[in-house]
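A.B. asks: Next up, target-v2.csv (CSV, C-alpha atoms).
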chain,number,residue,atom,x,y,z
A,73,MET,CA,26.3,-24.9,-20.3
A,74,THR,CA,23.8,-22.4,-21.7
A,75,LEU,CA,20.8,-21.2,-19.7
A,76,ASP,CA,18.3,-23.1,-21.9
A,77,LYS,CA,20.2,-26.3,-21.1
A,78,LEU,CA,20.2,-26.0,-17.3
A,79,PRO,CA,18.6,-29.0,-15.5
A,80,ALA,CA,15.4,-28.5,-13.7
A,81,PRO,CA,15.9,-27.6,-10.0
A,82,ASP,CA,16.0,-30.5,-7.6
A,83,ILE,CA,13.8,-30.7,-4.5
A,84,LEU,CA,16.7,-29.3,-2.3
A,85,THR,CA,16.9,-26.2,-4.4
A,86,THR,CA,13.1,-25.8,-4.3
A,87,LEU,CA,13.1,-26.1,-0.5
A,88,HIS,CA,16.0,-23.6,-0.3
A,89,VAL,CA,14.1,-21.1,-2.4
A,90,ARG,CA,11.0,-21.6,-0.4
A,91,ASP,CA,12.8,-21.1,2.9
A,92,THR,CA,15.0,-18.1,1.9
A,93,CYS,CA,13.2,-16.1,-0.8
A,94,LEU,CA,12.6,-12.6,0.6
A,95,CYS,CA,10.2,-11.9,-2.2
A,96,LEU,CA,8.0,-14.9,-1.3
A,97,HIS,CA,8.1,-14.1,2.4
A,98,ALA,CA,7.3,-10.4,1.8
A,99,GLN,CA,4.4,-11.2,-0.5
A,100,ARG,CA,3.0,-13.8,1.8
A,101,ALA,CA,3.1,-11.4,4.8
A,102,ALA,CA,1.7,-8.6,2.7
A,103,ARG,CA,-1.3,-10.8,1.6
A,104,VAL,CA,-2.0,-11.8,5.2
A,105,LEU,CA,-1.8,-8.2,6.4
A,106,ALA,CA,-3.9,-6.9,3.5
A,107,ARG,CA,-6.7,-9.5,4.3
A,108,ARG,CA,-6.5,-8.7,8.0
A,109,PHE,CA,-6.9,-4.9,7.5
A,110,ASP,CA,-9.5,-5.4,4.7
A,111,GLU,CA,-11.6,-7.4,7.1
A,112,ALA,CA,-11.1,-4.9,10.0
A,113,LEU,CA,-11.9,-1.9,7.9
A,114,ARG,CA,-14.9,-3.4,6.2
A,115,PRO,CA,-17.4,-1.8,8.7
A,116,ALA,CA,-16.0,1.6,7.7
A,117,GLY,CA,-16.6,0.8,4.1
A,118,LEU,CA,-12.9,0.8,3.1
A,119,THR,CA,-10.2,-1.6,2.0
A,120,ASN,CA,-6.7,-1.3,3.4
A,121,GLY,CA,-5.6,0.2,0.0
A,122,GLN,CA,-8.4,2.8,0.0
A,123,PHE,CA,-7.5,3.7,3.6
A,124,SER,CA,-3.9,4.2,2.7
A,125,MET,CA,-4.7,6.2,-0.4
A,126,LEU,CA,-7.1,8.4,1.6
A,127,MET,CA,-4.6,8.9,4.4
A,128,SER,CA,-2.0,9.9,1.8
A,129,MET,CA,-4.3,12.7,0.7
A,130,ASN,CA,-5.1,13.8,4.3
A,131,ARG,CA,-3.2,17.1,4.0
A,132,PRO,CA,-4.2,20.8,4.4
A,133,GLY,CA,-4.4,21.3,0.6
A,134,PRO,CA,-4.4,19.4,-2.7
A,135,VAL,CA,-1.7,16.8,-3.2
A,136,ARG,CA,-0.1,15.9,-6.5
A,137,MET,CA,-0.9,12.4,-7.9
A,138,ARG,CA,2.7,11.7,-8.4
A,139,ASP,CA,3.4,12.3,-4.7
A,140,VAL,CA,0.6,9.8,-3.7
A,141,ALA,CA,2.0,7.3,-6.2
A,142,THR,CA,5.5,7.6,-4.8
A,143,LEU,CA,4.4,7.3,-1.2
A,144,LEU,CA,2.3,4.2,-2.0
A,145,GLY,CA,4.9,2.7,-4.3
A,146,MET,CA,2.4,2.6,-7.1
A,147,ASP,CA,2.6,3.7,-10.7
A,148,ARG,CA,0.3,6.6,-11.7
A,149,THR,CA,-1.9,4.4,-13.9
A,150,THR,CA,-2.7,2.2,-10.9
A,151,VAL,CA,-3.4,5.3,-8.7
A,152,THR,CA,-5.7,6.6,-11.4
A,153,ALA,CA,-7.7,3.3,-11.5
A,154,ALA,CA,-8.0,3.2,-7.7
A,155,LEU,CA,-9.1,6.8,-7.5
A,156,LYS,CA,-12.1,6.2,-9.8
A,157,THR,CA,-13.8,4.2,-7.1
A,158,LEU,CA,-13.1,6.9,-4.4
A,159,GLU,CA,-14.3,9.7,-6.7
A,160,LYS,CA,-17.5,7.8,-7.5
A,161,ARG,CA,-18.1,7.5,-3.8
A,162,GLY,CA,-17.5,11.2,-3.3
A,163,LEU,CA,-14.5,10.7,-1.0
A,164,VAL,CA,-12.0,12.4,-3.4
A,165,THR,CA,-12.0,15.1,-6.0
A,166,THR,CA,-9.4,15.7,-8.7
A,167,GLU,CA,-8.5,18.9,-10.5
A,168,PRO,CA,-5.9,19.9,-13.1
A,169,ASP,CA,-2.5,20.8,-11.7
A,170,PRO,CA,-2.0,24.5,-12.7
A,171,GLU,CA,1.8,24.0,-12.7
A,172,ASP,CA,1.7,20.9,-14.9
A,173,ARG,CA,-1.3,20.4,-17.2
A,174,ARG,CA,-0.5,16.7,-17.5
A,175,GLY,CA,-0.7,16.3,-13.7
A,176,ARG,CA,-3.7,16.1,-11.4
A,177,LEU,CA,-4.2,17.4,-7.9
A,178,LEU,CA,-6.1,15.2,-5.5
A,179,VAL,CA,-8.3,16.6,-2.7
A,180,LEU,CA,-9.8,14.6,0.1
A,181,SER,CA,-13.5,15.7,0.4
A,182,ALA,CA,-15.4,16.3,3.6
A,183,ALA,CA,-17.0,12.8,3.1
A,184,GLY,CA,-13.5,11.3,2.7
A,185,ARG,CA,-12.3,13.0,5.9
A,186,GLU,CA,-15.4,11.6,7.7
A,187,ARG,CA,-14.6,8.1,6.4
A,188,LEU,CA,-11.0,8.4,7.6
A,189,ALA,CA,-12.2,9.5,11.0
A,190,GLU,CA,-14.5,6.5,11.2
A,191,ALA,CA,-11.7,4.1,10.0
A,192,LEU,CA,-8.8,5.4,12.1
A,193,PRO,CA,-9.8,3.8,15.4
A,194,ILE,CA,-10.2,0.5,13.6
A,195,TRP,CA,-6.8,0.9,12.0
A,196,VAL,CA,-5.2,1.8,15.4
A,197,GLU,CA,-6.5,-1.2,17.1
A,198,THR,CA,-5.7,-3.6,14.2
A,199,HIS,CA,-2.2,-2.1,13.9
A,200,ARG,CA,-1.6,-2.5,17.6
A,201,ALA,CA,-2.6,-6.2,17.4
A,202,VAL,CA,-0.4,-6.8,14.4
A,203,GLU,CA,2.6,-5.2,16.0
A,204,ALA,CA,2.1,-6.9,19.4
A,205,PRO,CA,3.9,-10.2,18.6
A,206,LEU,CA,6.8,-8.6,16.7
A,207,ASP,CA,10.1,-8.2,18.6
A,208,GLU,CA,11.1,-5.0,16.9
A,209,PRO,CA,8.4,-3.5,14.6
A,210,GLY,CA,10.4,-0.2,14.2
A,211,LEU,CA,13.4,-2.1,12.9
A,212,LEU,CA,11.2,-4.1,10.5
A,213,ARG,CA,9.7,-0.8,9.2
A,214,THR,CA,13.2,0.6,8.7
A,215,GLN,CA,14.4,-2.5,6.9
A,216,LEU,CA,11.3,-2.6,4.7
A,217,ASN,CA,11.7,1.1,3.9
A,218,ALA,CA,15.3,0.5,3.0
A,219,LEU,CA,14.2,-2.3,0.5
A,220,ALA,CA,11.6,0.0,-1.0
A,221,ALA,CA,14.0,2.8,-1.4
A,222,SER,CA,16.6,0.6,-3.1
A,223,GLY,CA,14.0,-0.2,-5.8
A,224,ARG,CA,13.4,3.4,-6.9
Could you spell out this file's structure in structure tokens?

C.D. replies:
Amino acid sequence: MTLDKLPAPDILTTLHVRDTCLCLHAQRAARVLARRFDEALRPAGLTNGQFSMLMSMNRPGPVRMRDVATLLGMDRTTVTAALKTLEKRGLVTTEPDPEDRRGRLLVLSAAGRERLAEALPIWVETHRAVEAPLDEPGLLRTQLNALAASGR
């Protein structure tokens, strides 16, 4: 039987996929977490993605765009698009990488550091509430990191 001649999945197959698909469960949990953190961080004027991006740049000096992309599991094109909003708001600056003219260095501005300082207590409290019902949040993080690392 060729792939184009396979019968449509029956309801038992559909239910099996619904109940066991790691991708579905991870995506659903990610959407719930994203909404929860977006709502919590709104008073600080950030989304959860912006908070994570700013936090990834919270270093003593400039950070390479490719390092931010790797940490966040994003491609550089997506990072570039997300940075535009942060740059327009004066939270981040970019400069050419002197070691790689194709690359960019990202710098968290003073306003970006202030925004992180405002958002951090909100993140801490929200994160605490999210972790509270989990049996082993450290184990979950380890397993999620293992999955992420296997996709590189």

A.B. asks: With all atoms listed in the file as the basis for distance, which of A:Leu216, A:Leu180, A:Pro209, A:Thr86 is at the shortest distance from A:Pro132?

C.D. replies: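 Selected residue with least distance to A:Pro132: A:Leu180.
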
A.B. asks: For A:Val179, work out the shell of residues within 12 Å, counting only C-alpha atoms and skipping chain neighbours fewer than 6 positions away, then give it as a list in words.

C.D. replies: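 Everything that qualifies: Met125, Leu126, Met127, Ser128, Met129, Asn130, Arg131, Pro132, Gly133, Pro134, Val135, Arg136, Met137, Val140, Leu155, Leu158, Glu159, Gly162, Leu163, Val164, Thr165, Thr166, Glu167, Pro168, Asp169 and Arg185 of chain A.
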
A.B. asks: Distance atom CA of A:Gly145-atom CA of A:His97, one decimal place?

C.D. replies: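 Straight-line distance from atom CA of A:Gly145 to atom CA of A:His97 works out to 18.4 Å.
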
A.B. asks: What is the distance between atom CA of A:Met146 and atom CA of A:Ser124, in Å to one decimal?

C.D. replies: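 These atoms are spaced 11.8 Å apart.
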
A.B. asks: Taking only C-alpha atoms into account, name the residue in A:Ala154, A:Gly175, A:Pro115, A:Leu219 that is nearest to A:Pro193.

C.D. replies: A:Pro115
